[in-house]
file final.cif (mmCIF, C-alpha atoms)
data_structure
#
loop_
_atom_site.label_atom_id
_atom_site.label_comp_id
_atom_site.auth_asym_id
_atom_site.auth_seq_id
_atom_site.Cartn_x
_atom_site.Cartn_y
_atom_site.Cartn_z
CA MET A 157 31.61 -9.26 -7.63
CA LYS A 158 33.02 -8.06 -4.34
CA LYS A 159 35.18 -11.17 -3.98
CA THR A 160 36.58 -10.70 -7.47
CA VAL A 161 37.54 -7.11 -6.72
CA ILE A 162 39.24 -8.21 -3.49
CA LEU A 163 41.29 -10.86 -5.28
CA LEU A 164 42.33 -8.49 -8.06
CA THR A 165 43.26 -5.79 -5.57
CA SER A 166 45.41 -8.20 -3.57
CA LEU A 167 47.20 -9.51 -6.63
CA ALA A 168 47.70 -5.94 -7.84
CA LEU A 169 49.50 -5.15 -4.58
CA ILE A 170 51.83 -8.12 -5.08
CA LEU A 171 52.44 -7.26 -8.73
CA ALA A 172 53.11 -3.63 -7.85
CA SER A 173 55.76 -4.75 -5.38
CA ALA A 174 57.33 -7.04 -7.99
CA GLY A 175 57.18 -4.25 -10.58
CA THR A 176 59.20 -1.92 -8.36
CA THR A 177 61.99 -4.49 -8.10
CA SER A 178 61.91 -5.06 -11.85
CA ALA A 179 62.12 -1.35 -12.57
CA LYS A 180 65.21 -0.98 -10.41
CA SER A 181 67.00 -3.82 -12.15
CA GLY A 182 66.39 -2.13 -15.53
CA ASN A 183 68.52 0.99 -14.81
CA THR A 184 71.10 1.96 -17.42
CA PRO A 185 74.61 0.81 -16.33
CA PRO A 186 77.21 3.54 -15.64
CA GLY A 187 79.07 4.66 -18.77
CA LYS A 188 76.42 3.19 -21.12
CA THR A 189 73.72 5.01 -23.07
CA LYS A 190 70.20 3.68 -23.31
CA ASN A 191 70.66 3.05 -27.03
CA GLU A 192 73.75 0.92 -26.37
CA VAL A 193 71.94 -1.16 -23.80
CA SER A 194 68.83 -1.69 -25.94
CA SER A 195 70.85 -2.56 -29.04
CA LYS A 196 72.62 -5.37 -27.18
CA ALA A 197 69.50 -6.83 -25.61
CA PRO A 198 68.25 -8.76 -28.69
CA GLU A 199 71.70 -10.40 -29.15
CA LYS A 200 71.65 -11.63 -25.55
CA LYS A 201 68.13 -13.00 -25.95
CA GLU A 202 69.07 -14.79 -29.20
CA SER A 203 72.07 -16.33 -27.48
CA GLN A 204 69.96 -17.53 -24.59
CA ILE A 205 67.52 -19.21 -26.97
CA GLU A 206 70.36 -20.95 -28.76
CA VAL A 207 71.76 -22.32 -25.51
CA LYS A 208 68.36 -23.49 -24.41
CA GLN A 209 67.80 -25.35 -27.67
CA THR A 210 71.18 -27.03 -27.38
CA GLN A 211 70.41 -28.16 -23.83
CA GLU A 212 67.08 -29.61 -24.86
CA VAL A 213 68.64 -31.65 -27.65
CA GLU A 214 71.75 -32.86 -25.85
CA SER A 215 70.48 -33.44 -22.29
CA PRO A 216 69.69 -37.15 -21.79
CA VAL A 217 66.69 -38.26 -19.77
CA THR A 218 67.54 -40.42 -16.75
CA VAL A 219 65.21 -43.35 -16.11
CA VAL A 220 65.13 -45.40 -12.89
CA THR A 221 63.99 -48.99 -13.47
CA ASP A 222 62.07 -51.14 -10.98
CA ASP A 223 65.27 -52.96 -9.95
CA GLY A 224 66.98 -49.68 -9.03
CA GLN A 225 69.21 -49.36 -12.13
CA ILE A 226 69.74 -45.92 -13.63
CA LYS A 227 69.61 -45.78 -17.41
CA ASP A 228 70.15 -43.09 -20.04
CA SER A 229 67.87 -42.23 -22.96
CA SER A 230 70.97 -42.12 -25.18
CA THR A 231 71.35 -45.92 -24.86
CA SER A 232 71.82 -47.51 -28.28
CA GLU A 233 69.11 -49.56 -29.95
CA THR A 234 71.20 -52.73 -29.44
CA GLU A 235 71.47 -52.12 -25.71
CA LYS A 236 67.74 -51.47 -25.50
CA SER A 237 66.90 -54.77 -27.17
CA ASP A 238 69.31 -56.65 -24.88
CA ASN A 239 67.56 -55.30 -21.78
CA ASN A 240 64.35 -57.19 -22.65
CA THR A 241 62.29 -54.57 -20.81
CA SER A 242 58.65 -55.55 -20.45
CA GLU A 243 55.85 -53.29 -21.67
CA SER A 244 54.70 -52.66 -18.07
CA GLU A 245 58.20 -51.48 -17.07
CA LYS A 246 58.34 -49.11 -20.04
CA LYS A 247 54.97 -47.70 -19.17
CA GLY A 248 55.95 -47.25 -15.52
CA SER A 249 59.15 -45.37 -16.32
CA GLN A 250 57.26 -43.01 -18.64
CA GLY A 251 54.26 -42.55 -16.35
CA TYR A 252 55.21 -38.96 -15.66
CA LYS A 253 54.21 -38.01 -19.22
CA GLY A 254 50.59 -38.80 -18.42
CA LEU A 255 50.77 -36.64 -15.31
CA LEU A 256 52.32 -33.78 -17.29
CA ASN A 257 49.45 -33.99 -19.74
CA ALA A 258 46.83 -34.19 -16.98
CA ILE A 259 48.17 -31.19 -15.07
CA GLN A 260 47.60 -28.93 -18.07
CA HIS A 261 43.86 -29.38 -17.51
CA VAL A 262 43.89 -28.79 -13.73
CA LYS A 263 46.86 -26.49 -13.09
CA ASP A 264 44.54 -23.67 -11.98
CA LYS A 265 42.53 -26.02 -9.74
CA PRO A 266 43.34 -27.65 -6.35
CA ALA A 267 44.42 -30.92 -7.99
CA GLY A 268 47.08 -29.01 -9.92
CA ALA A 269 49.14 -28.29 -6.81
CA VAL A 270 48.91 -31.94 -5.73
CA LEU A 271 50.00 -33.28 -9.13
CA ALA A 272 52.82 -30.73 -9.30
CA ASP A 273 54.12 -31.95 -5.94
CA ILE A 274 54.05 -35.60 -7.12
CA LEU A 275 55.93 -34.76 -10.32
CA LEU A 276 58.59 -32.73 -8.49
CA THR A 277 59.19 -35.35 -5.80
CA THR A 278 58.76 -38.61 -7.71
CA TYR A 279 59.81 -37.77 -11.26
CA ALA A 280 62.35 -34.97 -10.75
CA THR A 281 65.02 -36.72 -12.84
CA GLU A 282 62.64 -37.01 -15.79
CA LEU A 283 61.87 -33.28 -15.97
CA THR A 284 63.63 -30.44 -17.78
CA GLU A 285 64.58 -27.33 -15.82
CA GLU A 286 61.86 -25.39 -17.61
CA GLN A 287 59.23 -27.96 -16.60
CA LYS A 288 60.43 -27.86 -12.99
CA LYS A 289 60.08 -24.07 -12.87
CA GLU A 290 56.55 -24.23 -14.26
CA LEU A 291 55.56 -26.90 -11.74
CA GLU A 292 57.06 -24.91 -8.85
CA VAL A 293 54.82 -21.97 -9.81
CA ILE A 294 51.74 -24.20 -9.78
CA LYS A 295 52.76 -25.75 -6.45
CA GLU A 296 53.42 -22.37 -4.82
CA GLN A 297 50.07 -20.77 -5.75
CA ASP A 298 48.89 -21.36 -2.19
CA LYS A 299 51.80 -19.30 -0.80
CA ALA A 300 51.07 -16.36 -3.09
CA LEU A 301 47.43 -16.33 -2.03
CA GLU A 302 48.35 -16.70 1.65
CA THR A 303 50.70 -13.74 1.34
CA ALA A 304 47.89 -11.65 -0.16
CA ALA A 305 45.59 -12.75 2.69
CA LYS A 306 48.19 -11.66 5.23
CA MET A 307 48.42 -8.23 3.58
CA LEU A 308 44.65 -7.81 3.84
CA GLU A 309 44.68 -8.92 7.49
CA GLU A 310 47.37 -6.36 8.32
CA ASN A 311 45.24 -3.69 6.66
CA GLY A 312 42.31 -4.64 8.90
CA SER A 313 40.28 -6.51 6.25
CA VAL A 314 39.97 -9.80 8.18
CA THR A 315 36.81 -10.99 6.40
CA ASP A 316 38.43 -10.46 3.01
CA ALA A 317 41.59 -12.20 4.26
CA VAL A 318 39.48 -15.25 5.18
CA TYR A 319 38.19 -15.43 1.62
CA LEU A 320 41.69 -15.39 0.12
CA GLN A 321 42.91 -17.95 2.65
CA GLU A 322 40.09 -20.23 1.48
CA GLU A 323 41.44 -19.86 -2.06
CA ALA A 324 44.92 -20.75 -0.79
CA ILE A 325 43.53 -23.94 0.77
CA LYS A 326 41.81 -24.88 -2.49
CA ALA A 327 45.14 -24.43 -4.31
CA ASN A 328 46.87 -26.97 -2.03
CA PHE A 329 44.47 -28.68 0.35
CA THR A 330 47.09 -31.17 1.55
CA ASN A 331 49.10 -28.40 3.25
CA LEU A 332 47.97 -28.52 6.90
CA ASP A 333 49.73 -25.25 7.75
CA LEU A 334 47.15 -23.39 5.65
CA TYR A 335 44.41 -24.58 8.01
CA LYS A 336 46.34 -23.24 11.01
CA THR A 337 46.44 -19.80 9.40
CA MET A 338 42.74 -20.04 8.62
CA ALA A 339 41.93 -20.85 12.27
CA LYS A 340 43.83 -17.74 13.42
CA LEU A 341 41.86 -15.60 10.96
CA HIS A 342 38.56 -17.09 12.17
CA GLU A 343 39.55 -16.40 15.76
CA LYS A 344 40.41 -12.81 14.90
CA ALA A 345 37.02 -12.49 13.21
CA GLY A 346 35.32 -13.78 16.38
CA ASP A 347 34.50 -17.23 15.00
CA LYS A 348 36.34 -19.77 17.15
CA ASP A 349 36.01 -22.97 19.21
CA LYS A 350 34.34 -24.82 16.33
CA VAL A 351 35.51 -28.03 14.73
CA LYS A 352 35.86 -27.46 10.99
CA LEU A 353 35.61 -29.90 8.08
CA TYR A 354 37.24 -29.51 4.66
CA VAL A 355 36.71 -31.98 1.81
CA ASN A 356 39.05 -31.62 -1.18
CA GLY A 357 39.73 -28.05 -0.07
CA GLU A 358 36.07 -27.02 0.25
CA ALA A 359 34.73 -25.97 3.65
CA SER A 360 31.67 -27.97 4.71
CA ALA A 361 28.61 -26.14 5.99
CA THR A 362 27.79 -29.24 8.07
CA GLU A 363 30.17 -29.19 11.02
CA PRO A 364 31.73 -32.21 12.76
CA PHE A 365 31.38 -32.68 16.51
CA LEU A 366 33.24 -34.44 19.33
CA LYS A 367 31.51 -37.03 21.53
CA LYS A 368 33.07 -39.39 24.08
CA GLY A 369 36.50 -39.15 22.52
CA ASN A 370 35.28 -39.70 18.95
CA THR A 371 35.14 -37.15 16.15
CA PHE A 372 31.90 -37.52 14.20
CA VAL A 373 31.60 -36.27 10.62
CA PRO A 374 28.60 -36.00 8.24
CA PHE A 375 28.78 -39.18 6.16
CA ARG A 376 26.49 -38.18 3.29
CA THR A 377 28.09 -34.74 2.92
CA ILE A 378 31.57 -36.21 2.61
CA ALA A 379 30.49 -39.06 0.32
CA GLU A 380 28.80 -36.68 -2.11
CA SER A 381 31.78 -34.30 -2.04
CA LEU A 382 33.97 -37.26 -3.05
CA ASN A 383 31.65 -37.89 -6.03
CA ALA A 384 30.00 -40.98 -4.58
CA GLU A 385 26.38 -41.96 -5.30
CA VAL A 386 24.26 -41.81 -2.15
CA ALA A 387 20.77 -43.20 -1.48
CA TRP A 388 18.69 -43.10 1.73
CA ASN A 389 16.32 -45.94 2.72
CA PRO A 390 13.81 -44.48 5.22
CA GLU A 391 12.33 -47.88 6.14
CA GLU A 392 15.68 -49.38 7.14
CA ARG A 393 17.08 -46.00 8.19
CA SER A 394 20.15 -46.87 6.15
CA ILE A 395 22.45 -45.15 3.68
CA MET A 396 23.74 -46.88 0.55
CA VAL A 397 26.88 -45.46 -1.07
CA MET A 398 28.53 -46.46 -4.36
CA LYS A 399 32.02 -45.23 -5.29
CA ASP A 400 34.56 -46.68 -7.73
CA GLY A 401 32.87 -50.07 -7.69
CA VAL A 402 32.68 -50.20 -3.89
CA SER A 403 29.28 -50.66 -2.23
CA ILE A 404 28.79 -49.38 1.33
CA LYS A 405 25.76 -49.81 3.58
CA LEU A 406 25.42 -47.94 6.84
CA VAL A 407 22.53 -48.34 9.31
CA VAL A 408 21.71 -45.62 11.83
CA ASP A 409 22.35 -46.58 15.49
CA SER A 410 24.42 -49.60 14.41
CA LYS A 411 28.12 -50.11 15.13
CA THR A 412 28.42 -52.38 12.08
CA ALA A 413 28.50 -51.32 8.44
CA THR A 414 29.08 -53.42 5.31
CA VAL A 415 31.63 -52.73 2.60
CA ASN A 416 31.14 -54.94 -0.47
CA GLY A 417 29.19 -57.33 1.74
CA THR A 418 31.87 -57.57 4.42
CA ASN A 419 31.07 -56.39 7.94
CA VAL A 420 33.14 -53.47 9.22
CA SER A 421 33.04 -52.35 12.86
CA LEU A 422 32.63 -48.66 13.71
CA ASP A 423 34.23 -47.01 16.75
CA ALA A 424 30.76 -45.78 17.70
CA PRO A 425 27.25 -46.20 16.25
CA ALA A 426 26.17 -44.01 13.35
CA THR A 427 23.79 -41.31 14.54
CA ILE A 428 21.45 -38.65 13.14
CA THR A 429 22.05 -35.09 14.31
CA LYS A 430 20.26 -32.04 12.89
CA GLY A 431 18.98 -34.09 9.98
CA SER A 432 22.40 -35.48 8.96
CA THR A 433 23.87 -38.95 9.49
CA TYR A 434 27.20 -38.83 11.36
CA VAL A 435 29.87 -41.52 11.62
CA PRO A 436 33.23 -41.73 13.41
CA VAL A 437 35.83 -40.09 11.17
CA ARG A 438 38.00 -43.21 10.87
CA PHE A 439 35.24 -44.97 8.93
CA ILE A 440 35.61 -42.44 6.09
CA SER A 441 39.14 -43.57 5.27
CA GLU A 442 38.19 -47.25 5.56
CA ALA A 443 34.99 -47.06 3.51
CA LEU A 444 35.76 -44.40 0.90
CA SER A 445 39.54 -44.91 0.61
CA ALA A 446 40.06 -41.21 1.24
CA THR A 447 42.89 -39.60 3.16
CA VAL A 448 41.69 -38.26 6.54
CA GLN A 449 43.86 -35.99 8.67
CA TRP A 450 43.25 -34.18 11.95
CA GLU A 451 44.92 -30.78 12.39
CA GLU A 452 44.99 -30.28 16.16
CA GLU A 453 45.88 -26.58 16.37
CA SER A 454 42.99 -25.47 14.15
CA LYS A 455 40.63 -28.30 15.22
CA THR A 456 40.10 -29.19 11.57
CA VAL A 457 39.19 -32.49 9.90
CA VAL A 458 40.83 -32.61 6.46
CA VAL A 459 39.50 -35.15 3.94
CA TYR A 460 40.68 -35.53 0.36
CA ASP A 461 40.97 -37.97 -2.50
CA GLU A 462 44.49 -39.02 -3.47
CA PRO A 463 45.23 -38.28 -7.17
CA LYS A 464 45.40 -41.32 -9.42
CA ASP A 465 48.96 -42.17 -10.55
CA GLU A 466 47.80 -44.01 -13.64
CA LEU A 467 46.90 -40.80 -15.48
#
call {"tool": "encode", "arguments": {"input": "final.cif", "output": "structure tokens"}}
result
Amino acid sequence: MKKTVILLTSLALILASAGTTSAKSGNTPPGKTKNEVSSKAPEKKESQIEVKQTQEVESPVTVVTDDGQIKDSSTSETEKSDNNTSESEKKGSQGYKGLLNAIQHVKDKPAGAVLADILLTTYATELTEEQKKELEVIKEQDKALETAAKMLEENGSVTDAVYLQEEAIKANFTNLDLYKTMAKLHEKAGDKDKVKLYVNGEASATEPFLKKGNTFVPFRTIAESLNAEVAWNPEERSIMVMKDGVSIKLVVDSKTATVNGTNVSLDAPATITKGSTYVPVRFISEALSATVQWEEESKTVVVYDEPKDEL
């Protein structure tokens, strides 16, 4: 309940600031009465709608083919048949429609910001201006939350600022700058000099550690966070992991693991510390096909699944 009140209070501060600007822009122009201004407003709105409808009908959609040619959706049926475009090429050029549909289900979740970034960078020419604006809002959720966290920090509420910064990270966990800000907040709160681990934007309670130049991370914790199936064999002291058809076997104190039956060398042997099995961080990207990044300033290991383009 407390966290909800904090979030609402922070957003209220931002909205109050925006409301002040909006109120100023609504002043009655010199020489005009309020009735004159209000009577003209509906006509302007109707005109804007008419223009928007015209743009939606007349604006062609640009499509970039695999061979680098730029084509227009207004191409005649004859021209389309002459192109002999394969079904796979058609599907590829329209792939953004699947992403647009998918983002409607996750736009308020961390994956939403990632998908929005892909659409804006890869399929910009396929999008309407209205779609671009909506995607920009989804992508920038992390900045709005970070701004609210900064306001709380300046007011002396560092603990509450940490909570909002965590929400900012969840909104866009691929943005490494967010982890730098989080490290500064932790330092201000007296929690520093610890290596942190985030998986898909979620902070892990099981911390990584550094040993002989290697960064070790909790293998089971990460695997489960990435929705893999994990089983422990106490007799062999081994971990079996299944994810997306890939089978991984890891034996404690061994520098060799197997991925789909093929031996893979580790930078250092897997080890058990405080009841958890740890592996060198590089093995995570090799075995689980996840993106692994190291943010030096905040001493943070960032692990996340890449979104699937075939949506």
call {"tool": "atom_distance", "arguments": {"input": "final.cif", "atom1": "atom CA of A:Phe375", "atom2": "atom CA of A:Met398"}}
result
12.8 Å
call {"tool": "atom_distance", "arguments": {"input": "final.cif", "atom1": "atom CA of A:Ile440", "atom2": "atom CA of A:Lys399"}}
result
12.3 Å
call {"tool": "resolve_selection", "arguments": {"input": "final.cif", "expression": "the PyMOL selection byres ((chain A and resi 331-333) around 9)", "output": "CSV table (one decimal) with C-alpha atoms, keeping the file's coordinate frame"}}
result
chain,number,residue,atom,x,y,z
A,298,ASP,CA,48.9,-21.4,-2.2
A,325,ILE,CA,43.5,-23.9,0.8
A,328,ASN,CA,46.9,-27.0,-2.0
A,329,PHE,CA,44.5,-28.7,0.4
A,330,THR,CA,47.1,-31.2,1.6
A,334,LEU,CA,47.2,-23.4,5.6
A,335,TYR,CA,44.4,-24.6,8.0
A,336,LYS,CA,46.3,-23.2,11.0
A,337,THR,CA,46.4,-19.8,9.4
A,338,MET,CA,42.7,-20.0,8.6
A,449,GLN,CA,43.9,-36.0,8.7
A,450,TRP,CA,43.2,-34.2,12.0
A,451,GLU,CA,44.9,-30.8,12.4
A,458,VAL,CA,40.8,-32.6,6.5
call {"tool": "resolve_selection", "arguments": {"input": "final.cif", "expression": "the PyMOL selection byres ((chain A and resi 406-410) around 7)", "output": "PyMOL selection string"}}
result
chain A and resi 393-396+404-405+411-414+425-427
call {"tool": "atom_distance", "arguments": {"input": "final.cif", "atom1": "atom CA of A:Glu282", "atom2": "atom CA of A:Leu255"}}
result
11.9 Å
call {"tool": "resolve_selection", "arguments": {"input": "final.cif", "expression": "the PyMOL selection byres ((chain A and resi 290) around 12)", "output": "list in words"}}
result
Leu256, Ile259, Gln260, Lys263, Gly268, Ala269, Ala272, Asp273, Leu275, Leu276, Leu283, Thr284, Glu285, Glu286, Gln287, Lys288, Lys289, Leu291, Glu292, Val293, Ile294, Lys295, Glu296 and Gln297 of chain A
call {"tool": "write_last_selection", "arguments": {"input": "final.cif", "atoms": "C-alpha atoms", "output": "short mmCIF file (atom, residue, chain, number, x, y, z; two decimals), in the coordinates of the input"}}
result
data_model
loop_
_atom_site.label_atom_id
_atom_site.label_comp_id
_atom_site.auth_asym_id
_atom_site.auth_seq_id
_atom_site.Cartn_x
_atom_site.Cartn_y
_atom_site.Cartn_z
CA LEU A 256 52.32 -33.78 -17.29
CA ILE A 259 48.17 -31.19 -15.07
CA GLN A 260 47.60 -28.93 -18.07
CA LYS A 263 46.86 -26.49 -13.09
CA GLY A 268 47.08 -29.01 -9.92
CA ALA A 269 49.14 -28.29 -6.81
CA ALA A 272 52.82 -30.73 -9.30
CA ASP A 273 54.12 -31.95 -5.94
CA LEU A 275 55.93 -34.76 -10.32
CA LEU A 276 58.59 -32.73 -8.49
CA LEU A 283 61.87 -33.28 -15.97
CA THR A 284 63.63 -30.44 -17.78
CA GLU A 285 64.58 -27.33 -15.82
CA GLU A 286 61.86 -25.39 -17.61
CA GLN A 287 59.23 -27.96 -16.60
CA LYS A 288 60.43 -27.86 -12.99
CA LYS A 289 60.08 -24.07 -12.87
CA LEU A 291 55.56 -26.90 -11.74
CA GLU A 292 57.06 -24.91 -8.85
CA VAL A 293 54.82 -21.97 -9.81
CA ILE A 294 51.74 -24.20 -9.78
CA LYS A 295 52.76 -25.75 -6.45
CA GLU A 296 53.42 -22.37 -4.82
CA GLN A 297 50.07 -20.77 -5.75
#
call {"tool": "residues_around", "arguments": {"input": "final.cif", "residues": "A:Val457", "least_positions_apart": "5", "cutoff": "10 Å", "atoms": "only C-alpha atoms", "output": "JSON, numbers by chain"}}
result
{"A": [335, 351, 352, 353, 354, 355, 363, 364, 371, 372, 373, 437, 448, 449, 450, 451, 452]}
call {"tool": "residues_around", "arguments": {"input": "final.cif", "residues": "A:Pro374", "least_positions_apart": "5", "cutoff": "8 Å", "atoms": "only C-alpha atoms", "output": "VMD selection string"}}
result
chain A and resid 362 to 364 432 to 435
call {"tool": "closest_residue", "arguments": {"input": "final.cif", "among": "A:Arg376, A:Thr303, A:Ser313, A:Ile428", "to": "A:Trp388", "atoms": "only C-alpha atoms"}}
result
A:Arg376
call {"tool": "residues_around", "arguments": {"input": "final.cif", "residues": "A:Ala345", "least_positions_apart": "4", "cutoff": "7 Å", "atoms": "only C-alpha atoms", "output": "list of chain:residue names"}}
result
A:Val314, A:Thr315, A:Leu341
